[in-house]
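One file, protein28.cif, is given below (mmCIF, C-alpha atoms and all ligand atoms).
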```cif
data_start
loop_
_atom_site.label_atom_id
_atom_site.label_comp_id
_atom_site.auth_asym_id
_atom_site.auth_seq_id
_atom_site.Cartn_x
_atom_site.Cartn_y
_atom_site.Cartn_z
CA MET A 1 -99.43 -215.30 -114.92
CA THR A 2 -97.48 -212.06 -115.20
CA TRP A 3 -94.59 -211.40 -117.53
CA PRO A 4 -91.95 -209.98 -115.20
CA ALA A 5 -89.85 -208.25 -117.85
CA CYS A 6 -92.86 -206.32 -119.14
CA ALA A 7 -94.86 -205.83 -115.95
CA THR A 8 -94.32 -202.09 -115.70
CA GLU A 9 -94.78 -201.20 -119.37
CA PRO A 10 -98.09 -199.75 -120.61
CA ALA A 11 -100.29 -202.52 -122.04
CA GLU A 12 -100.18 -201.21 -125.62
CA THR A 13 -96.37 -201.36 -125.73
CA LEU A 14 -96.12 -204.92 -124.40
CA PRO A 15 -94.50 -207.18 -126.98
CA ALA A 16 -96.41 -210.37 -127.71
CA PRO A 17 -94.91 -212.93 -125.33
CA GLU A 18 -93.04 -215.62 -127.18
CA LEU A 19 -93.76 -218.25 -124.57
CA LEU A 20 -97.44 -218.63 -123.79
CA PRO A 21 -98.62 -220.54 -120.73
CA ARG A 22 -101.16 -223.26 -121.41
CA LEU A 23 -102.69 -226.17 -119.56
CA GLY A 24 -102.68 -229.76 -120.77
CA ARG A 25 -105.75 -231.98 -120.61
CA ASP A 26 -104.52 -233.25 -117.25
CA GLY A 27 -104.54 -229.65 -115.95
CA SER A 28 -100.77 -229.42 -115.65
CA PHE A 29 -98.73 -226.35 -116.59
CA SER A 30 -97.07 -226.13 -119.98
CA LEU A 31 -95.91 -223.54 -122.48
CA TYR A 32 -96.35 -222.90 -126.17
CA SER A 33 -93.47 -221.37 -128.11
CA ARG A 34 -94.62 -218.89 -130.74
CA GLY A 35 -91.09 -218.76 -132.14
CA VAL A 36 -90.92 -222.50 -132.75
CA GLU A 37 -94.69 -222.82 -133.27
CA GLU A 38 -94.87 -225.85 -131.06
CA GLY A 39 -96.00 -226.72 -127.56
CA PHE A 40 -93.55 -227.86 -124.91
CA HIS A 41 -95.63 -230.97 -124.24
CA HIS A 42 -98.25 -233.26 -125.70
CA ALA A 43 -101.78 -231.87 -125.39
CA ALA A 44 -102.54 -234.69 -122.95
CA GLY A 45 -100.45 -232.81 -120.38
CA ALA A 46 -96.90 -232.18 -119.24
CA LEU A 47 -97.27 -234.14 -116.04
CA ARG A 48 -98.77 -237.17 -117.73
CA GLU A 49 -96.12 -237.05 -120.42
CA ALA A 50 -93.28 -236.79 -117.87
CA ARG A 51 -94.55 -239.80 -115.97
CA GLU A 52 -95.43 -242.00 -118.94
CA LYS A 53 -92.63 -241.17 -121.34
CA PHE A 54 -89.73 -240.57 -118.98
CA VAL A 55 -90.26 -241.78 -115.41
CA ARG A 56 -92.10 -245.08 -116.04
CA PRO A 57 -89.81 -246.36 -118.83
CA ALA A 58 -86.80 -245.37 -116.70
CA ALA A 59 -87.80 -248.38 -114.54
CA LEU A 60 -86.46 -246.94 -111.30
CA GLU A 61 -87.37 -250.18 -109.55
CA ARG A 62 -84.13 -251.56 -111.08
CA PHE A 63 -82.16 -249.59 -108.52
CA ALA A 64 -81.73 -250.43 -104.84
CA PRO A 65 -82.77 -247.71 -102.37
CA GLY A 66 -79.83 -245.53 -101.39
CA ARG A 67 -78.28 -245.71 -104.84
CA GLN A 68 -77.28 -242.52 -106.61
CA LEU A 69 -78.99 -242.09 -109.95
CA ARG A 70 -77.02 -239.99 -112.44
CA VAL A 71 -79.21 -238.22 -114.99
CA ALA A 72 -78.46 -235.89 -117.90
CA GLU A 73 -81.45 -233.99 -119.21
CA VAL A 74 -81.39 -232.27 -122.60
CA ALA A 75 -83.95 -229.45 -123.06
CA VAL A 76 -84.99 -228.90 -119.45
CA GLY A 77 -87.64 -226.34 -120.40
CA THR A 78 -90.21 -225.90 -117.60
CA GLY A 79 -88.46 -228.51 -115.47
CA THR A 80 -91.51 -230.80 -115.47
CA ASN A 81 -89.44 -233.88 -116.25
CA THR A 82 -86.88 -232.84 -113.64
CA ALA A 83 -89.57 -232.36 -110.99
CA ALA A 84 -91.20 -235.69 -111.89
CA LEU A 85 -87.83 -237.41 -111.54
CA LEU A 86 -87.11 -235.65 -108.24
CA ALA A 87 -90.47 -236.83 -106.89
CA ALA A 88 -90.06 -240.38 -108.21
CA THR A 89 -86.48 -240.82 -107.03
CA ALA A 90 -87.39 -239.50 -103.57
CA ALA A 91 -90.27 -242.00 -103.41
CA ALA A 92 -87.90 -244.81 -104.46
CA GLY A 93 -85.25 -243.80 -101.91
CA LEU A 94 -82.76 -242.86 -104.65
CA GLU A 95 -80.44 -239.89 -104.68
CA LEU A 96 -80.64 -237.85 -107.86
CA ASP A 97 -77.37 -236.58 -109.35
CA TRP A 98 -78.74 -234.30 -112.05
CA TRP A 99 -77.24 -232.37 -114.96
CA GLY A 100 -79.26 -230.31 -117.40
CA LEU A 101 -78.70 -228.63 -120.76
CA GLU A 102 -81.00 -225.81 -121.82
CA LEU A 103 -80.79 -222.84 -124.16
CA ASP A 104 -83.28 -220.56 -122.46
CA GLN A 105 -83.70 -219.83 -118.76
CA ARG A 106 -87.20 -218.40 -119.16
CA PRO A 107 -89.30 -221.60 -119.29
CA LEU A 108 -88.07 -222.80 -115.91
CA GLY A 109 -88.45 -219.28 -114.48
CA LEU A 110 -92.02 -219.05 -115.79
CA ALA A 111 -92.88 -222.47 -114.37
CA LEU A 112 -91.43 -221.69 -110.96
CA ALA A 113 -93.33 -218.37 -110.91
CA ASP A 114 -96.63 -220.10 -111.68
CA ALA A 115 -98.83 -221.05 -108.72
CA GLY A 116 -100.40 -223.93 -110.65
CA PHE A 117 -97.01 -225.43 -111.49
CA ARG A 118 -95.82 -225.10 -107.90
CA ALA A 119 -99.00 -226.77 -106.65
CA GLN A 120 -98.21 -229.83 -108.79
CA TRP A 121 -95.25 -230.74 -106.58
CA PRO A 122 -94.33 -231.26 -102.93
CA ALA A 123 -92.53 -228.27 -101.39
CA ALA A 124 -89.27 -230.26 -101.21
CA VAL A 125 -89.34 -230.86 -104.97
CA ILE A 126 -89.92 -227.15 -105.67
CA ARG A 127 -87.05 -226.21 -103.34
CA ARG A 128 -84.72 -228.62 -105.09
CA LEU A 129 -85.82 -227.42 -108.52
CA GLU A 130 -85.22 -223.81 -107.48
CA GLY A 131 -81.75 -224.80 -106.33
CA LEU A 132 -80.99 -226.57 -109.61
CA SER A 133 -82.31 -223.63 -111.63
CA LYS A 134 -79.64 -221.37 -110.09
CA GLY A 135 -76.86 -223.90 -109.77
CA PRO A 136 -73.93 -224.90 -111.97
CA ARG A 137 -75.49 -228.20 -112.99
CA LEU A 138 -77.91 -226.44 -115.27
CA ARG A 139 -75.66 -225.66 -118.23
CA LEU A 140 -77.23 -222.83 -120.19
CA GLY A 141 -76.58 -222.35 -123.89
CA ASP A 142 -76.83 -224.41 -127.05
CA ALA A 143 -76.77 -228.03 -125.91
CA ARG A 144 -74.43 -228.87 -128.79
CA ARG A 145 -71.90 -226.46 -127.36
CA ARG A 146 -72.35 -227.44 -123.72
CA LEU A 147 -72.45 -231.21 -124.19
CA PRO A 148 -68.65 -231.66 -124.44
CA GLU A 149 -68.28 -230.29 -120.87
CA LEU A 150 -70.78 -232.83 -119.65
CA LEU A 151 -69.04 -235.58 -121.57
CA ALA A 152 -65.70 -234.65 -120.07
CA ALA A 153 -67.06 -235.31 -116.59
CA GLN A 154 -69.85 -237.85 -117.14
CA ALA A 155 -69.05 -240.01 -120.18
CA GLY A 156 -70.13 -243.59 -119.54
CA ARG A 157 -71.60 -242.68 -116.14
CA CYS A 158 -75.25 -241.74 -116.74
CA ASP A 159 -78.08 -244.07 -115.76
CA LEU A 160 -80.55 -241.96 -117.72
CA VAL A 161 -80.32 -239.46 -120.56
CA LEU A 162 -83.57 -237.61 -121.20
CA LEU A 163 -83.99 -235.99 -124.61
CA ASP A 164 -87.01 -233.70 -124.75
CA ALA A 165 -86.17 -231.19 -127.47
CA PHE A 166 -88.77 -229.69 -129.80
CA SER A 167 -89.67 -232.16 -132.53
CA PRO A 168 -87.03 -233.13 -135.12
CA THR A 169 -88.59 -231.09 -137.91
CA ARG A 170 -88.55 -227.97 -135.67
CA CYS A 171 -85.25 -228.43 -133.86
CA PRO A 172 -83.18 -230.91 -135.90
CA GLN A 173 -80.01 -229.58 -134.22
CA LEU A 174 -80.74 -231.78 -131.19
CA TRP A 175 -81.66 -234.91 -133.19
CA SER A 176 -78.73 -235.12 -135.56
CA LYS A 177 -76.69 -238.28 -135.92
CA GLU A 178 -73.70 -236.41 -134.49
CA PHE A 179 -75.56 -235.11 -131.43
CA LEU A 180 -77.21 -238.49 -130.72
CA GLU A 181 -73.85 -240.22 -130.99
CA ARG A 182 -72.39 -237.86 -128.36
CA LEU A 183 -75.41 -238.27 -126.11
CA GLY A 184 -75.01 -242.03 -126.31
CA ARG A 185 -71.49 -241.66 -124.95
CA LEU A 186 -72.92 -240.38 -121.68
CA LEU A 187 -74.61 -243.70 -120.98
CA ARG A 188 -73.44 -246.42 -118.65
CA PRO A 189 -73.63 -249.83 -120.32
CA ASP A 190 -77.06 -250.42 -118.72
CA GLY A 191 -78.10 -246.75 -118.93
CA ARG A 192 -81.15 -245.65 -120.90
CA LEU A 193 -81.71 -242.85 -123.34
CA LEU A 194 -85.37 -241.84 -123.17
CA THR A 195 -87.29 -239.64 -125.57
CA TYR A 196 -90.90 -238.94 -126.50
CA SER A 197 -89.95 -239.09 -130.17
CA SER A 198 -90.74 -242.10 -132.30
CA ALA A 199 -89.28 -240.52 -135.42
CA ALA A 200 -87.75 -243.05 -137.80
CA ALA A 201 -84.65 -240.87 -138.29
CA VAL A 202 -84.01 -240.86 -134.55
CA ARG A 203 -84.63 -244.56 -134.02
CA ARG A 204 -82.53 -245.57 -136.97
CA CYS A 205 -79.62 -243.43 -135.79
CA LEU A 206 -79.78 -245.00 -132.35
CA MET A 207 -79.87 -248.50 -133.88
CA ASP A 208 -76.98 -247.67 -136.20
CA LEU A 209 -75.03 -246.57 -133.14
CA GLY A 210 -75.45 -250.13 -131.85
CA LEU A 211 -78.09 -249.42 -129.22
CA ASP A 212 -81.01 -251.71 -128.42
CA VAL A 213 -84.08 -249.65 -129.36
CA GLN A 214 -87.58 -250.27 -128.07
CA ALA A 215 -90.87 -248.39 -128.17
CA ILE A 216 -92.53 -246.87 -125.11
CA ARG A 217 -95.99 -248.35 -124.71
CA PRO A 218 -98.69 -245.75 -123.93
CA SER A 219 -100.12 -246.66 -120.53
CA GLY A 220 -103.68 -245.54 -121.24
CA GLY A 221 -105.56 -245.20 -124.53
CA GLY A 222 -104.10 -246.18 -127.86
CA SER A 223 -103.79 -249.67 -129.23
CA GLY A 224 -100.78 -251.95 -128.84
CA ARG A 225 -99.40 -250.62 -132.11
CA TRP A 226 -99.05 -247.13 -130.69
CA SER A 227 -95.78 -245.83 -129.42
CA ALA A 228 -95.35 -243.05 -126.88
CA GLY A 229 -91.65 -242.67 -127.57
CA THR A 230 -88.35 -244.49 -127.65
CA VAL A 231 -85.91 -246.06 -125.19
CA ALA A 232 -82.38 -247.03 -126.18
CA SER A 233 -79.61 -248.78 -124.32
CA LEU A 234 -76.11 -250.04 -125.05
CA THR A 235 -77.09 -253.43 -123.61
CA PRO A 236 -80.29 -255.37 -124.36
CA LEU A 237 -83.30 -253.93 -122.56
CA ALA A 238 -85.01 -256.31 -120.14
CA PRO A 239 -88.72 -256.90 -120.74
CA HIS A 240 -90.82 -254.26 -118.97
CA PRO A 241 -94.55 -253.39 -119.13
CA ALA A 242 -93.70 -249.85 -120.32
CA LEU A 243 -91.64 -251.13 -123.28
CA ARG A 244 -92.21 -253.22 -126.36
CA ALA A 245 -90.09 -254.36 -129.29
CA LEU A 246 -90.48 -252.40 -132.51
CA GLU A 247 -93.28 -253.76 -134.69
CA PRO A 248 -92.40 -255.02 -138.19
CA PHE A 249 -94.12 -251.98 -139.74
CA GLU A 250 -91.97 -249.68 -137.60
CA ARG A 251 -88.77 -251.47 -138.66
CA GLU A 252 -89.86 -251.21 -142.28
CA HIS A 253 -90.39 -247.46 -141.77
CA LEU A 254 -86.78 -247.13 -140.52
CA ALA A 255 -85.53 -248.44 -143.85
CA SER A 256 -87.50 -245.81 -145.77
CA ARG A 257 -86.41 -242.27 -146.58
CA ALA A 258 -88.02 -241.22 -143.30
CA GLY A 259 -85.19 -243.08 -141.58
CA LEU A 260 -82.45 -240.96 -143.14
CA PRO A 261 -80.68 -239.10 -140.33
CA TYR A 262 -80.46 -235.40 -139.66
CA ARG A 263 -76.83 -234.44 -140.20
CA ASP A 264 -74.84 -231.71 -138.48
CA PRO A 265 -71.17 -232.72 -138.90
CA ARG A 266 -69.74 -229.50 -137.46
CA GLY A 267 -72.30 -229.15 -134.68
CA ASN A 268 -73.20 -225.58 -135.60
CA ALA A 269 -75.65 -225.78 -138.51
CA SER A 270 -78.97 -223.94 -138.39
CA ALA A 271 -82.27 -225.83 -138.41
CA ALA A 272 -82.90 -224.68 -141.99
CA GLU A 273 -79.50 -225.97 -143.16
CA ILE A 274 -80.00 -229.36 -141.52
CA LEU A 275 -83.51 -229.75 -142.93
CA GLU A 276 -82.45 -228.73 -146.43
CA ARG A 277 -79.51 -231.10 -146.42
CA ARG A 278 -81.77 -233.97 -145.38
CA ARG A 279 -84.40 -233.03 -147.98
CA GLN A 280 -81.75 -233.25 -150.69
CA GLU A 281 -80.46 -236.57 -149.37
CA GLN A 282 -83.99 -237.94 -149.34
CA GLN A 283 -84.49 -236.84 -152.94
CA ARG A 284 -81.31 -238.66 -154.01
CA SER A 285 -81.99 -241.76 -151.92
CA PRO A 286 -83.02 -245.03 -153.57
CA ALA A 287 -84.93 -245.96 -150.37
CA PRO A 288 -88.73 -246.09 -150.61
CA PRO A 289 -90.68 -243.06 -149.38
CA GLY A 290 -91.94 -243.23 -145.79
CA ARG A 291 -95.25 -245.01 -145.25
CA LEU A 292 -98.37 -243.18 -144.15
CA ARG A 293 -98.84 -242.72 -140.43
CA PRO A 294 -101.32 -244.86 -138.50
CA PRO A 295 -104.64 -243.15 -137.65
CA ALA A 296 -104.91 -240.70 -134.77
CA ASP A 297 -104.72 -241.95 -131.20
CA PRO A 298 -107.73 -240.34 -129.49
CA GLY A 299 -107.09 -239.45 -125.86
CA GLY A 300 -103.77 -241.28 -125.73
CA LEU A 301 -100.14 -240.20 -125.73
CA GLY A 302 -99.25 -242.12 -128.85
CA CYS A 303 -97.79 -240.39 -131.87
CA SER A 304 -95.94 -241.67 -134.88
CA GLU A 305 -93.19 -239.07 -135.29
CA GLY A 306 -93.38 -237.36 -131.92
CA HIS A 307 -94.85 -234.02 -133.03
CA ARG A 308 -96.63 -232.12 -130.31
C1 LIG A 401 -90.08 -229.22 -125.81
S1 LIG A 401 -89.28 -228.02 -124.82
C2 LIG A 401 -88.71 -228.90 -123.43
C3 LIG A 401 -89.78 -229.41 -122.53
C4 LIG A 401 -89.26 -229.68 -121.15
N1 LIG A 401 -88.60 -230.94 -121.02
C5 LIG A 401 -90.32 -229.47 -120.13
O1 LIG A 401 -90.65 -230.39 -119.39
O2 LIG A 401 -90.83 -228.34 -120.09
C6 LIG A 401 -87.78 -227.79 -125.71
C7 LIG A 401 -86.75 -226.98 -124.98
O3 LIG A 401 -85.55 -227.01 -125.75
C8 LIG A 401 -84.88 -225.79 -125.57
N2 LIG A 401 -83.92 -225.66 -126.68
C9 LIG A 401 -84.16 -225.30 -127.95
N3 LIG A 401 -83.02 -225.34 -128.68
C10 LIG A 401 -82.03 -225.71 -127.83
C11 LIG A 401 -80.64 -225.91 -127.97
N4 LIG A 401 -80.03 -225.74 -129.14
N5 LIG A 401 -79.94 -226.29 -126.89
C12 LIG A 401 -80.55 -226.47 -125.69
N6 LIG A 401 -81.88 -226.32 -125.50
C13 LIG A 401 -82.60 -225.94 -126.56
C14 LIG A 401 -85.99 -224.77 -125.56
O4 LIG A 401 -85.57 -223.59 -124.92
C15 LIG A 401 -87.08 -225.50 -124.79
O5 LIG A 401 -87.04 -225.19 -123.44
#
```

Mind converting the file's structure to structure tokens?
Ligand SMILES: C[S@@+](CC[C@H](N)C(=O)[O-])C[C@H]1O[C@@H](n2cnc3c(N)ncnc32)[C@H](O)[C@@H]1O
Amino acid sequence: MTWPACATEPAETLPAPELLPRLGRDGSFSLYSRGVEEGFHHAAGALREAREKFVRPAALERFAPGRQLRVAEVAVGTGTNTAALLAATAAAGLELDWWGLELDQRPLGLALADAGFRAQWPAAVIRRLEGLSKGPRLRLGDARRRLPELLAAQAGRCDLVLLDAFSPTRCPQLWSKEFLERLGRLLRPDGRLLTYSSAAAVRRCLMDLGLDVQAIRPSGGGSGRWSAGTVASLTPLAPHPALRALEPFEREHLASRAGLPYRDPRGNASAAEILERRRQEQQRSPAPPGRLRPPADPGGLGCSEGHR
């Protein structure tokens, strides 16, 4: 991997790259952000995560071949979820009508410049991803600022909304009650919002918005109690092997202080402001403190709050 912007500078003057390439346990390409101090994907691997937390619970088999699938993706990053969807929709005979929101162009550029990433996908998927990376459907900038444009054109029309931001404690801007409410407006009545996060604050917000909320079942490893993320829909979700109802202990957790939402009423607060506001609300709240997390999920994709 080379760092194009720095390639000609003497080694000693190279700034430490903020985005570090890394491989997941499945050998797939990912990045680690030094700025955020968090990986882009679960250590199990970007590819595995894309398939298990986004593609499988999307239940593409619901759609007849030839149908156009409209998808809005928040936090496109390396484009792994996009590529996985492109591959899966092509295999299912569906046409993908894709829109993406992303702050930073570099992750997708780094992925597309990486031989290992390119080797993960058929040439047609890479070509399409390259096209999307340069096209108008990838809306660059703060997703909070770009979302209204998407809503103006796509409100109530999306089959899938993928939310893959850094975890709520790192990037609460994209998990606030206000942002989730706007994202929900993108959905068709039978559309699905999919996220890797199982955070109580996120699930409770989605439930308070009137959505049916279920847990994503990890496909390999982890016990039945483990969740690999969350799916929400405006209409009741049909039973599916990738989904399960929330367990009583998870519902109880939603009613604790952990379930208090991140708030960003004006849509322009910093992460620090949102976190501090929530900390103060938690201190004042009569709700019980959040329960301890279940034990680690060795080898699986399960996680209690969605931290990577
Ligand atoms: C966990 S990574 C996304 C992983 C991605 N789905 C993938 O497959 O590589 C989070 C992404 O959110 C982006 N991001 C951070 N803050 C953002 C914001 N306010 N608006 C839009 N994107 C943001 C980061 O640039 C980063 O690419």

Find the residues around Ala46 in chain A up to 8 Å (all atoms listed in the file counted), leave out those fewer than 5 positions away in its own chain, and share them as a compact mmCIF listing (two decimals) with C-alpha atoms, in the frame of the given file.
```txt
# COMPACT_ATOMS: atom_id res chain seq x y z
CA GLY A 24 -102.68 -229.76 -120.77
CA ASP A 26 -104.52 -233.25 -117.25
CA SER A 28 -100.77 -229.42 -115.65
CA PHE A 29 -98.73 -226.35 -116.59
CA SER A 30 -97.07 -226.13 -119.98
CA PHE A 40 -93.55 -227.86 -124.91
CA HIS A 41 -95.63 -230.97 -124.24
CA THR A 80 -91.51 -230.80 -115.47
```

inquiry  = Need to verify the contact set: range 108-124 of chain A, 6 Å, only C-alpha atoms, exclusion of same-chain residues closer than 5 positions in sequence. Can you return it as a PyMOL selection string?
reply    = chain A and resi 29+77-79

Shell of 8 Å around Arg217 in chain A, only C-alpha atoms, local chain residues under 6 positions omitted, as a ChimeraX atom specification: /A:224,226-229,241-244

- What lies within 8 Å of Leu162 in chain A using all atoms listed in the file, ignoring chain neighbours under 4 positions off, as a list in words? Phe54, Val71, Ala72, Glu73, Val74, Leu193, Leu194 and Thr195 of chain A

May I have the residues from that selection written out with C-alpha atoms, as an mmCIF file, in the frame of the given file?
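So the final result, stored in selection.cif, reads:
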```cif
data_model
loop_
_atom_site.group_PDB
_atom_site.id
_atom_site.type_symbol
_atom_site.label_atom_id
_atom_site.label_comp_id
_atom_site.auth_asym_id
_atom_site.auth_seq_id
_atom_site.Cartn_x
_atom_site.Cartn_y
_atom_site.Cartn_z
ATOM 1 C CA PHE A 54 -89.730 -240.570 -118.980
ATOM 2 C CA VAL A 71 -79.210 -238.220 -114.990
ATOM 3 C CA ALA A 72 -78.460 -235.890 -117.900
ATOM 4 C CA GLU A 73 -81.450 -233.990 -119.210
ATOM 5 C CA VAL A 74 -81.390 -232.270 -122.600
ATOM 6 C CA LEU A 193 -81.710 -242.850 -123.340
ATOM 7 C CA LEU A 194 -85.370 -241.840 -123.170
ATOM 8 C CA THR A 195 -87.290 -239.640 -125.570
#
```

Point to revise | range 206-215 of chain A surroundings by all atoms listed in the file, 9 Å radius, close-in-sequence under 2 positions cut, as a PyMOL selection string | key: chain A and resi 177+180-181+184+198+201-204+217+226-237+242-247

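Reported to one decimal place, the separation of CA of Pro265 in chain A from CA of Arg278 in chain A is 12.5 Å.
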
Item to complete: List all protein, DNA and RNA residues that have at least one atom no more than 9 Å from any atom of ligand LIG 401 (chain A), counting all atoms listed in the file, and write them as a ChimeraX atom specification.
Response: /A:29-33,36,38-41,46-47,49-50,73-83,101-108,111,139-146,162-167,171,173-174,308

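Checking A:Ala269, A:Arg157, A:Tyr196, A:Ala90 one by one against Pro218 in chain A, counting all atoms listed in the file, you find the shortest gap at A:Tyr196.
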
Incomplete range 232-249 of chain A filled out to N, CA, C and O atoms as an mmCIF file, in the frame of the given file:
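Output saved as selection23.cif:
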```cif
data_model
loop_
_atom_site.group_PDB
_atom_site.id
_atom_site.type_symbol
_atom_site.label_atom_id
_atom_site.label_comp_id
_atom_site.auth_asym_id
_atom_site.auth_seq_id
_atom_site.Cartn_x
_atom_site.Cartn_y
_atom_site.Cartn_z
ATOM 1 N N ALA A 232 -83.544 -246.381 -125.565
ATOM 2 C CA ALA A 232 -82.380 -247.030 -126.180
ATOM 3 C C ALA A 232 -81.327 -247.287 -125.123
ATOM 4 O O ALA A 232 -81.155 -246.494 -124.194
ATOM 5 N N SER A 233 -80.640 -248.414 -125.283
ATOM 6 C CA SER A 233 -79.610 -248.780 -124.320
ATOM 7 C C SER A 233 -78.469 -249.506 -125.024
ATOM 8 O O SER A 233 -78.680 -250.188 -126.031
ATOM 9 N N LEU A 234 -77.271 -249.370 -124.462
ATOM 10 C CA LEU A 234 -76.110 -250.040 -125.050
ATOM 11 C C LEU A 234 -76.178 -251.547 -124.866
ATOM 12 O O LEU A 234 -75.560 -252.307 -125.612
ATOM 13 N N THR A 235 -76.917 -251.994 -123.841
ATOM 14 C CA THR A 235 -77.090 -253.430 -123.610
ATOM 15 C C THR A 235 -78.565 -253.771 -123.769
ATOM 16 O O THR A 235 -79.422 -252.891 -123.606
ATOM 17 N N PRO A 236 -78.879 -255.047 -124.082
ATOM 18 C CA PRO A 236 -80.290 -255.370 -124.360
ATOM 19 C C PRO A 236 -81.205 -254.986 -123.204
ATOM 20 O O PRO A 236 -80.898 -255.205 -122.035
ATOM 21 N N LEU A 237 -82.330 -254.386 -123.560
ATOM 22 C CA LEU A 237 -83.300 -253.930 -122.560
ATOM 23 C C LEU A 237 -84.090 -255.120 -122.040
ATOM 24 O O LEU A 237 -84.592 -255.937 -122.829
ATOM 25 N N ALA A 238 -84.216 -255.213 -120.727
ATOM 26 C CA ALA A 238 -85.010 -256.310 -120.140
ATOM 27 C C ALA A 238 -86.484 -256.041 -120.415
ATOM 28 O O ALA A 238 -86.899 -254.879 -120.505
ATOM 29 N N PRO A 239 -87.271 -257.109 -120.541
ATOM 30 C CA PRO A 239 -88.720 -256.900 -120.740
ATOM 31 C C PRO A 239 -89.303 -256.062 -119.606
ATOM 32 O O PRO A 239 -88.901 -256.206 -118.448
ATOM 33 N N HIS A 240 -90.216 -255.160 -119.970
ATOM 34 C CA HIS A 240 -90.820 -254.260 -118.970
ATOM 35 C C HIS A 240 -92.199 -253.864 -119.517
ATOM 36 O O HIS A 240 -92.337 -253.653 -120.730
ATOM 37 N N PRO A 241 -93.205 -253.733 -118.642
ATOM 38 C CA PRO A 241 -94.550 -253.390 -119.130
ATOM 39 C C PRO A 241 -94.608 -252.067 -119.894
ATOM 40 O O PRO A 241 -95.494 -251.881 -120.727
ATOM 41 N N ALA A 242 -93.668 -251.158 -119.635
ATOM 42 C CA ALA A 242 -93.700 -249.850 -120.320
ATOM 43 C C ALA A 242 -93.057 -249.925 -121.707
ATOM 44 O O ALA A 242 -93.139 -248.963 -122.467
ATOM 45 N N LEU A 243 -92.394 -251.047 -122.018
ATOM 46 C CA LEU A 243 -91.640 -251.130 -123.280
ATOM 47 C C LEU A 243 -92.170 -252.248 -124.158
ATOM 48 O O LEU A 243 -92.754 -253.215 -123.675
ATOM 49 N N ARG A 244 -91.942 -252.114 -125.443
ATOM 50 C CA ARG A 244 -92.210 -253.220 -126.360
ATOM 51 C C ARG A 244 -91.217 -253.150 -127.512
ATOM 52 O O ARG A 244 -90.692 -252.079 -127.833
ATOM 53 N N ALA A 245 -90.984 -254.325 -128.120
ATOM 54 C CA ALA A 245 -90.090 -254.360 -129.290
ATOM 55 C C ALA A 245 -90.732 -253.562 -130.424
ATOM 56 O O ALA A 245 -91.965 -253.396 -130.463
ATOM 57 N N LEU A 246 -89.925 -253.093 -131.343
ATOM 58 C CA LEU A 246 -90.480 -252.400 -132.510
ATOM 59 C C LEU A 246 -91.275 -253.393 -133.348
ATOM 60 O O LEU A 246 -90.855 -254.537 -133.548
ATOM 61 N N GLU A 247 -92.421 -252.936 -133.826
ATOM 62 C CA GLU A 247 -93.280 -253.760 -134.690
ATOM 63 C C GLU A 247 -92.635 -253.851 -136.082
ATOM 64 O O GLU A 247 -91.885 -252.939 -136.478
ATOM 65 N N PRO A 248 -92.964 -254.912 -136.829
ATOM 66 C CA PRO A 248 -92.400 -255.020 -138.190
ATOM 67 C C PRO A 248 -92.657 -253.770 -139.031
ATOM 68 O O PRO A 248 -91.776 -253.312 -139.763
ATOM 69 N N PHE A 249 -93.851 -253.160 -138.912
ATOM 70 C CA PHE A 249 -94.120 -251.980 -139.740
ATOM 71 C C PHE A 249 -93.236 -250.800 -139.333
ATOM 72 O O PHE A 249 -92.870 -249.959 -140.164
#
```
